[in-house]
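The file start-v9.cif comes next; it holds mmCIF, C-alpha atoms and all ligand atoms.
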data_run
#
loop_
_atom_site.label_atom_id
_atom_site.label_comp_id
_atom_site.auth_asym_id
_atom_site.auth_seq_id
_atom_site.Cartn_x
_atom_site.Cartn_y
_atom_site.Cartn_z
CA MET A 65 -13.43 -24.18 14.08
CA THR A 66 -16.15 -23.97 11.41
CA LEU A 67 -18.49 -21.00 11.80
CA ASP A 68 -22.15 -20.87 10.90
CA THR A 69 -21.71 -17.62 8.95
CA PRO A 70 -24.72 -15.46 7.98
CA MET A 71 -24.52 -14.79 4.22
CA ASP A 72 -26.36 -11.44 4.18
CA ILE A 73 -24.23 -8.57 5.48
CA SER A 74 -26.39 -5.82 3.93
CA LYS A 75 -27.88 -5.04 7.36
CA SER A 76 -24.87 -3.67 9.17
CA PRO A 77 -24.76 -4.14 12.95
CA ASP A 78 -25.96 -1.23 15.12
CA ASP A 79 -22.37 -0.15 15.78
CA GLY A 80 -21.39 -0.45 12.08
CA VAL A 81 -21.62 2.03 9.20
CA ASN A 82 -23.67 1.88 6.02
CA ARG A 83 -22.52 2.47 2.44
CA ASP A 84 -23.53 6.15 2.38
CA GLN A 85 -21.56 6.77 5.55
CA ILE A 86 -18.52 5.05 4.07
CA ARG A 87 -18.83 7.09 0.87
CA ALA A 88 -19.02 10.32 2.84
CA MET A 89 -15.71 9.57 4.53
CA ARG A 90 -13.30 11.98 2.89
CA ARG A 91 -11.06 14.87 3.83
CA SER A 92 -9.66 17.80 1.93
CA TYR A 93 -5.92 18.03 2.02
CA GLY A 94 -3.85 21.07 2.79
CA GLU A 95 -1.84 23.71 1.04
CA LYS A 96 1.57 22.50 2.17
CA GLY A 97 3.30 21.11 -0.88
CA LEU A 98 6.44 19.14 -1.66
CA SER A 99 8.78 20.52 -4.31
CA GLU A 100 11.84 19.16 -6.07
CA ALA A 101 13.79 22.17 -4.75
CA GLU A 102 13.18 21.41 -1.09
CA VAL A 103 13.84 17.65 -0.90
CA SER A 104 17.25 16.14 -0.16
CA PRO A 105 19.22 14.61 -3.05
CA ASN A 106 19.43 11.50 -0.86
CA PRO A 107 16.02 9.82 -0.29
CA LEU A 108 17.21 8.21 2.95
CA ILE A 109 18.01 11.65 4.35
CA GLN A 110 14.64 12.91 3.11
CA PHE A 111 13.02 9.93 4.81
CA GLN A 112 14.91 10.62 8.06
CA SER A 113 13.62 14.14 8.00
CA TRP A 114 9.96 13.08 7.50
CA LEU A 115 10.29 10.34 10.13
CA GLY A 116 11.63 12.94 12.56
CA GLU A 117 8.66 15.22 11.86
CA ALA A 118 6.27 12.28 12.36
CA ALA A 119 8.03 11.26 15.60
CA ARG A 120 7.75 14.80 17.01
CA ASN A 121 4.08 15.08 16.03
CA PRO A 122 1.95 14.03 19.02
CA ILE A 123 -1.00 12.98 16.85
CA ILE A 124 1.03 10.34 15.03
CA VAL A 125 0.89 7.03 16.90
CA GLU A 126 3.66 4.54 16.17
CA PRO A 127 5.52 6.80 13.70
CA ASN A 128 7.93 3.96 12.92
CA ALA A 129 5.14 1.50 12.04
CA MET A 130 5.28 0.46 8.40
CA VAL A 131 3.19 -1.86 6.26
CA LEU A 132 5.43 -4.58 4.87
CA SER A 133 4.08 -6.25 1.73
CA THR A 134 5.51 -9.47 0.41
CA MET A 135 4.67 -11.95 -2.31
CA ASP A 136 4.40 -15.70 -1.97
CA SER A 137 2.91 -18.44 -4.15
CA TYR A 138 -0.63 -17.51 -2.95
CA GLY A 139 -0.18 -13.81 -3.85
CA PRO A 140 0.61 -10.61 -2.00
CA GLN A 141 0.30 -10.20 1.78
CA SER A 142 0.67 -7.08 3.92
CA ARG A 143 1.20 -6.63 7.65
CA THR A 144 2.60 -3.96 9.97
CA VAL A 145 6.11 -4.16 11.45
CA LEU A 146 8.21 -1.59 13.31
CA LEU A 147 11.17 0.09 11.68
CA LYS A 148 14.15 -0.29 14.01
CA ASP A 149 16.94 1.41 12.07
CA VAL A 150 17.51 3.52 8.98
CA SER A 151 20.96 4.21 7.57
CA GLU A 152 22.74 4.52 4.23
CA ALA A 153 22.59 0.68 4.16
CA GLY A 154 18.77 0.62 4.23
CA LEU A 155 15.84 0.09 6.61
CA SER A 156 15.62 -2.72 9.12
CA PHE A 157 12.96 -4.52 11.14
CA PHE A 158 12.89 -7.62 13.36
CA THR A 159 10.68 -10.66 13.28
CA ASN A 160 10.41 -14.43 13.45
CA TYR A 161 12.47 -16.16 10.75
CA GLU A 162 9.88 -18.98 10.53
CA SER A 163 6.89 -16.65 10.09
CA ASN A 164 4.82 -16.32 6.94
CA LYS A 165 6.59 -13.06 6.05
CA ALA A 166 9.99 -14.76 6.37
CA LYS A 167 8.84 -17.59 4.09
CA ALA A 168 7.51 -15.03 1.61
CA ILE A 169 10.82 -13.13 1.64
CA GLU A 170 12.60 -16.40 0.91
CA PHE A 171 10.19 -16.96 -2.01
CA ASN A 172 10.64 -13.42 -3.32
CA PRO A 173 12.99 -10.95 -1.57
CA GLN A 174 11.42 -7.92 -3.31
CA VAL A 175 9.22 -6.14 -0.76
CA SER A 176 7.33 -2.91 -0.24
CA LEU A 177 7.31 -0.78 2.92
CA LEU A 178 4.57 1.81 3.41
CA PHE A 179 4.54 4.47 6.11
CA PRO A 180 0.94 5.71 6.55
CA TRP A 181 1.26 9.10 8.22
CA TYR A 182 -2.36 10.04 7.39
CA ALA A 183 -2.66 12.69 10.09
CA MET A 184 0.18 14.58 8.36
CA GLU A 185 -1.36 13.96 4.92
CA ARG A 186 1.76 12.00 4.05
CA GLN A 187 2.68 8.56 2.82
CA VAL A 188 6.07 7.09 1.96
CA ILE A 189 6.30 3.95 -0.19
CA ILE A 190 9.60 2.15 -0.44
CA ARG A 191 10.35 -0.79 -2.72
CA GLY A 192 13.49 -2.80 -2.19
CA HIS A 193 15.31 -6.03 -1.62
CA ALA A 194 15.13 -7.68 1.81
CA SER A 195 17.80 -9.91 3.31
CA LYS A 196 18.59 -11.21 6.79
CA ILE A 197 20.98 -9.14 8.86
CA GLY A 198 23.85 -10.86 10.72
CA THR A 199 23.21 -12.83 13.91
CA GLU A 200 25.46 -10.50 15.86
CA ALA A 201 23.48 -7.40 14.86
CA SER A 202 20.22 -9.20 15.68
CA ALA A 203 21.55 -10.32 19.06
CA GLU A 204 22.69 -6.78 19.83
CA TYR A 205 19.17 -5.43 19.23
CA PHE A 206 17.50 -8.39 21.01
CA ALA A 207 19.49 -7.57 24.15
CA THR A 208 17.94 -4.06 24.21
CA ARG A 209 14.35 -5.36 24.18
CA PRO A 210 12.30 -5.50 27.39
CA TRP A 211 12.53 -8.90 29.15
CA SER A 212 8.84 -9.65 28.54
CA SER A 213 9.28 -9.09 24.77
CA GLN A 214 12.34 -11.34 24.79
CA ILE A 215 10.33 -14.13 26.46
CA GLY A 216 7.47 -13.44 24.04
CA ALA A 217 9.81 -13.94 21.08
CA TRP A 218 10.79 -17.34 22.48
CA ALA A 219 7.20 -18.32 23.23
CA SER A 220 5.60 -17.51 19.87
CA SER A 221 5.73 -19.77 16.83
CA GLN A 222 4.60 -16.77 14.80
CA SER A 223 2.06 -17.42 12.00
CA ARG A 224 1.48 -21.06 13.03
CA ASP A 225 -1.96 -22.33 14.17
CA LEU A 226 -2.48 -21.97 17.91
CA GLU A 227 -5.06 -24.27 19.50
CA SER A 228 -5.86 -21.86 22.34
CA ARG A 229 -4.49 -18.78 24.11
CA VAL A 230 -3.86 -20.87 27.24
CA VAL A 231 -1.28 -22.95 25.36
CA LEU A 232 0.65 -19.75 24.50
CA GLU A 233 0.41 -18.37 28.04
CA ASN A 234 1.62 -21.65 29.55
CA ARG A 235 4.56 -21.67 27.16
CA TYR A 236 5.37 -18.07 28.17
CA GLU A 237 5.30 -19.01 31.89
CA GLU A 238 7.54 -22.01 31.27
CA LEU A 239 10.09 -19.85 29.40
CA ALA A 240 9.87 -17.10 32.04
CA ARG A 241 10.92 -19.73 34.60
CA ARG A 242 13.75 -20.93 32.36
CA TYR A 243 15.07 -17.37 31.78
CA PRO A 244 14.14 -15.43 34.93
CA GLU A 245 13.83 -11.65 34.81
CA GLY A 246 17.19 -9.98 35.39
CA THR A 247 19.19 -12.74 33.68
CA ALA A 248 20.49 -12.48 30.09
CA VAL A 249 17.98 -14.05 27.71
CA PRO A 250 19.70 -15.61 24.66
CA ILE A 251 18.35 -14.70 21.23
CA PRO A 252 16.04 -17.42 19.88
CA PRO A 253 17.51 -19.13 16.80
CA HIS A 254 14.27 -18.38 14.92
CA TRP A 255 14.36 -14.61 15.51
CA GLY A 256 16.29 -11.77 13.87
CA GLY A 257 16.35 -8.80 11.58
CA TYR A 258 15.95 -7.98 7.93
CA MET A 259 17.50 -5.11 6.03
CA VAL A 260 15.60 -3.64 3.09
CA VAL A 261 17.85 -1.98 0.51
CA PRO A 262 15.62 0.47 -1.35
CA HIS A 263 15.54 0.85 -5.12
CA SER A 264 12.65 3.30 -5.13
CA MET A 265 11.27 5.70 -2.52
CA GLU A 266 8.12 7.72 -3.12
CA PHE A 267 7.12 10.70 -0.97
CA TRP A 268 3.43 11.63 -1.15
CA GLN A 269 2.04 14.86 0.22
CA GLY A 270 -1.74 15.45 0.10
CA ARG A 271 -2.83 18.67 -1.66
CA TYR A 272 -6.06 20.50 -2.46
CA SER A 273 -8.47 19.16 -5.14
CA ARG A 274 -6.68 15.80 -5.06
CA LEU A 275 -3.72 17.43 -6.88
CA HIS A 276 -1.29 15.71 -4.56
CA ASP A 277 2.50 15.92 -4.79
CA ARG A 278 4.30 12.67 -5.54
CA LEU A 279 8.08 12.73 -5.76
CA ILE A 280 9.78 9.44 -6.48
CA TYR A 281 13.47 8.57 -6.23
CA THR A 282 14.68 5.60 -8.25
CA THR A 283 18.13 4.06 -8.46
CA SER A 284 20.15 4.21 -11.68
CA PRO A 285 23.80 3.45 -12.47
CA ALA A 286 24.43 7.21 -12.16
CA GLY A 287 22.87 7.38 -8.69
CA TRP A 288 19.43 8.42 -7.44
CA GLN A 289 17.03 9.96 -9.97
CA LEU A 290 14.13 12.17 -8.90
CA SER A 291 10.84 12.32 -10.83
CA ARG A 292 7.36 13.64 -10.25
CA LEU A 293 4.30 11.42 -10.77
CA HIS A 294 0.72 12.35 -11.62
CA PRO A 295 -1.32 12.10 -8.42
C1 LIG B 1 1.81 -1.53 15.24
C2 LIG B 1 2.27 -2.94 14.96
C3 LIG B 1 3.62 -3.23 15.02
C4 LIG B 1 4.06 -4.52 14.75
N1 LIG B 1 5.41 -4.76 14.76
C5 LIG B 1 5.87 -5.99 14.44
C6 LIG B 1 7.28 -6.22 14.31
O1 LIG B 1 8.12 -5.32 14.45
N2 LIG B 1 7.68 -7.49 14.01
C7 LIG B 1 6.79 -8.51 13.80
O2 LIG B 1 7.22 -9.64 13.55
N3 LIG B 1 5.46 -8.31 13.88
C8 LIG B 1 4.97 -7.08 14.19
N4 LIG B 1 3.62 -6.85 14.24
C9 LIG B 1 2.69 -7.98 13.99
C10 LIG B 1 2.59 -8.20 12.46
O3 LIG B 1 1.74 -7.22 11.88
C11 LIG B 1 2.08 -9.60 12.08
O4 LIG B 1 0.85 -9.87 12.70
C12 LIG B 1 3.06 -10.70 12.48
O5 LIG B 1 4.40 -10.30 12.24
C13 LIG B 1 2.79 -11.98 11.69
O6 LIG B 1 2.88 -11.71 10.31
P1 LIG B 1 3.07 -12.88 9.23
O7 LIG B 1 2.19 -14.03 9.67
O8 LIG B 1 2.63 -12.28 7.94
O9 LIG B 1 4.51 -13.27 9.22
C14 LIG B 1 3.13 -5.57 14.47
C15 LIG B 1 1.77 -5.26 14.40
C16 LIG B 1 1.35 -3.96 14.63
C17 LIG B 1 -0.13 -3.65 14.51
#
Can the structure in the file be given as structure tokens, please?
Amino acid sequence: MTLDTPMDISKSPDDGVNRDQIRAMRRSYGEKGLSEAEVSPNPLIQFQSWLGEAARNPIIVEPNAMVLSTMDSYGPQSRTVLLKDVSEAGLSFFTNYESNKAKAIEFNPQVSLLFPWYAMERQVIIRGHASKIGTEASAEYFATRPWSSQIGAWASSQSRDLESRVVLENRYEELARRYPEGTAVPIPPHWGGYMVVPHSMEFWQGRYSRLHDRLIYTTSPAGWQLSRLHP
């Protein structure tokens, strides 16, 4: 569909915001700091602890949502996915193995994961290597998903062009008839998990006067190293 797009966007719509309003959007951050003495020597344990705090905080929606950035031949691309496990082995999420993100991971398995816990004045940025998890582990998680999500995973050719919503809904209905609710839905061959093995994990805590705390763990042959970065 080609759109007849107006070229002048200087007049924002009535429900939009102007440049001065955008520039005035800022917050001061708090007193609560992050020190080398208080963090765990293991960044995955430190992460677990922050994720737990985010999960218990009622103002944080989707505490396990993370921005996954990948690189393909066109450049970088980011999108949100849900963290589904964290262990000593790494962090995992589930998706369509024929999606754009899957193609990008095949092109370059180095990825970034960003947890934007703005309401807690926190951000965690993880860089690491992504690889597919085993079919059995994917199937085990797939079986725990609600039936409607299982059918949805079958119905969607994620990232491909879709001529209309009706086509998708008809496909869903057809698959819902093939795998009725209450029966075991097999895992689609195009669906499964990825594990990201981190090689750096940065914990950011907002502070007064933009003097934020940034503690970064990086891997070395001797184990995890901890450093502080300028904000
Ligand atoms: C809060 C939130 C959670 C999401 N979780 C997932 C997820 O776990 N897996 C997934 O494939 N897509 C998830 N999505 C959709 C993705 O952001 C994205 O639109 C989709 O995976 C297609 O990305 P791609 O075309 O870059 O592969 C989520 C979106 C949001 C906003």
Legend entry - Exercise: Ala194 in chain A partners within 6 Å, only C-alpha atoms, chain neighbours under 3 positions left out, as a ChimeraX atom specification: /A:173,259-260
I need the chosen residues saved as an mmCIF file, keeping the file's coordinate frame, with C-alpha atoms.
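New file out-v1.cif:
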data_model
loop_
_atom_site.group_PDB
_atom_site.id
_atom_site.type_symbol
_atom_site.label_atom_id
_atom_site.label_comp_id
_atom_site.auth_asym_id
_atom_site.auth_seq_id
_atom_site.Cartn_x
_atom_site.Cartn_y
_atom_site.Cartn_z
ATOM 1 C CA PRO A 173 12.990 -10.950 -1.570
ATOM 2 C CA MET A 259 17.500 -5.110 6.030
ATOM 3 C CA VAL A 260 15.600 -3.640 3.090
#
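The two atoms in question, atom N1 of ligand LIG 1 (chain B) and CA of Arg235 in chain A, are spaced 21.0 Å apart.
Neighbouring residues of Leu98 in chain A at 8 Å or closer, counting all atoms listed in the file and skipping chain neighbours under 3 positions away, are Glu102, Val103, Gln269, Asp277, Arg278 and Leu279 of chain A.
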Legend entry - Answer as a PyMOL selection string, residues within 8 Å of (3.1, 11.3, 3.9) using all atoms listed in the file: chain A and resi 114+179-182+184-188+267-270
Write a file of the just-selected residues containing C-alpha atoms, as an mmCIF file, keeping the file's coordinate frame.
data_model
loop_
_atom_site.group_PDB
_atom_site.id
_atom_site.type_symbol
_atom_site.label_atom_id
_atom_site.label_comp_id
_atom_site.auth_asym_id
_atom_site.auth_seq_id
_atom_site.Cartn_x
_atom_site.Cartn_y
_atom_site.Cartn_z
ATOM 1 C CA TRP A 114 9.960 13.080 7.500
ATOM 2 C CA PHE A 179 4.540 4.470 6.110
ATOM 3 C CA PRO A 180 0.940 5.710 6.550
ATOM 4 C CA TRP A 181 1.260 9.100 8.220
ATOM 5 C CA TYR A 182 -2.360 10.040 7.390
ATOM 6 C CA MET A 184 0.180 14.580 8.360
ATOM 7 C CA GLU A 185 -1.360 13.960 4.920
ATOM 8 C CA ARG A 186 1.760 12.000 4.050
ATOM 9 C CA GLN A 187 2.680 8.560 2.820
ATOM 10 C CA VAL A 188 6.070 7.090 1.960
ATOM 11 C CA PHE A 267 7.120 10.700 -0.970
ATOM 12 C CA TRP A 268 3.430 11.630 -1.150
ATOM 13 C CA GLN A 269 2.040 14.860 0.220
ATOM 14 C CA GLY A 270 -1.740 15.450 0.100
#
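Our summary of the geometry notes that CA of Pro107 in chain A is positioned 29.1 Å from CA of Trp255 in chain A.
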Inset, instruction - Could you report the residues within 10 Å of ligand LIG 1 (chain B), using only C-alpha atoms and all ligand atoms, as a ChimeraX atom specification? - result: /A:125-134,141-148,156-169,217,221-224,255-257
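If you measure from each of A:Asn172, A:Ser228, A:Gln214, A:Thr69 to Ser137 in chain A using only C-alpha atoms, the closest one turns out to be A:Asn172.
The two atoms in question, CA of Ala207 in chain A and CA of Glu245 in chain A, are spaced 12.7 Å apart.
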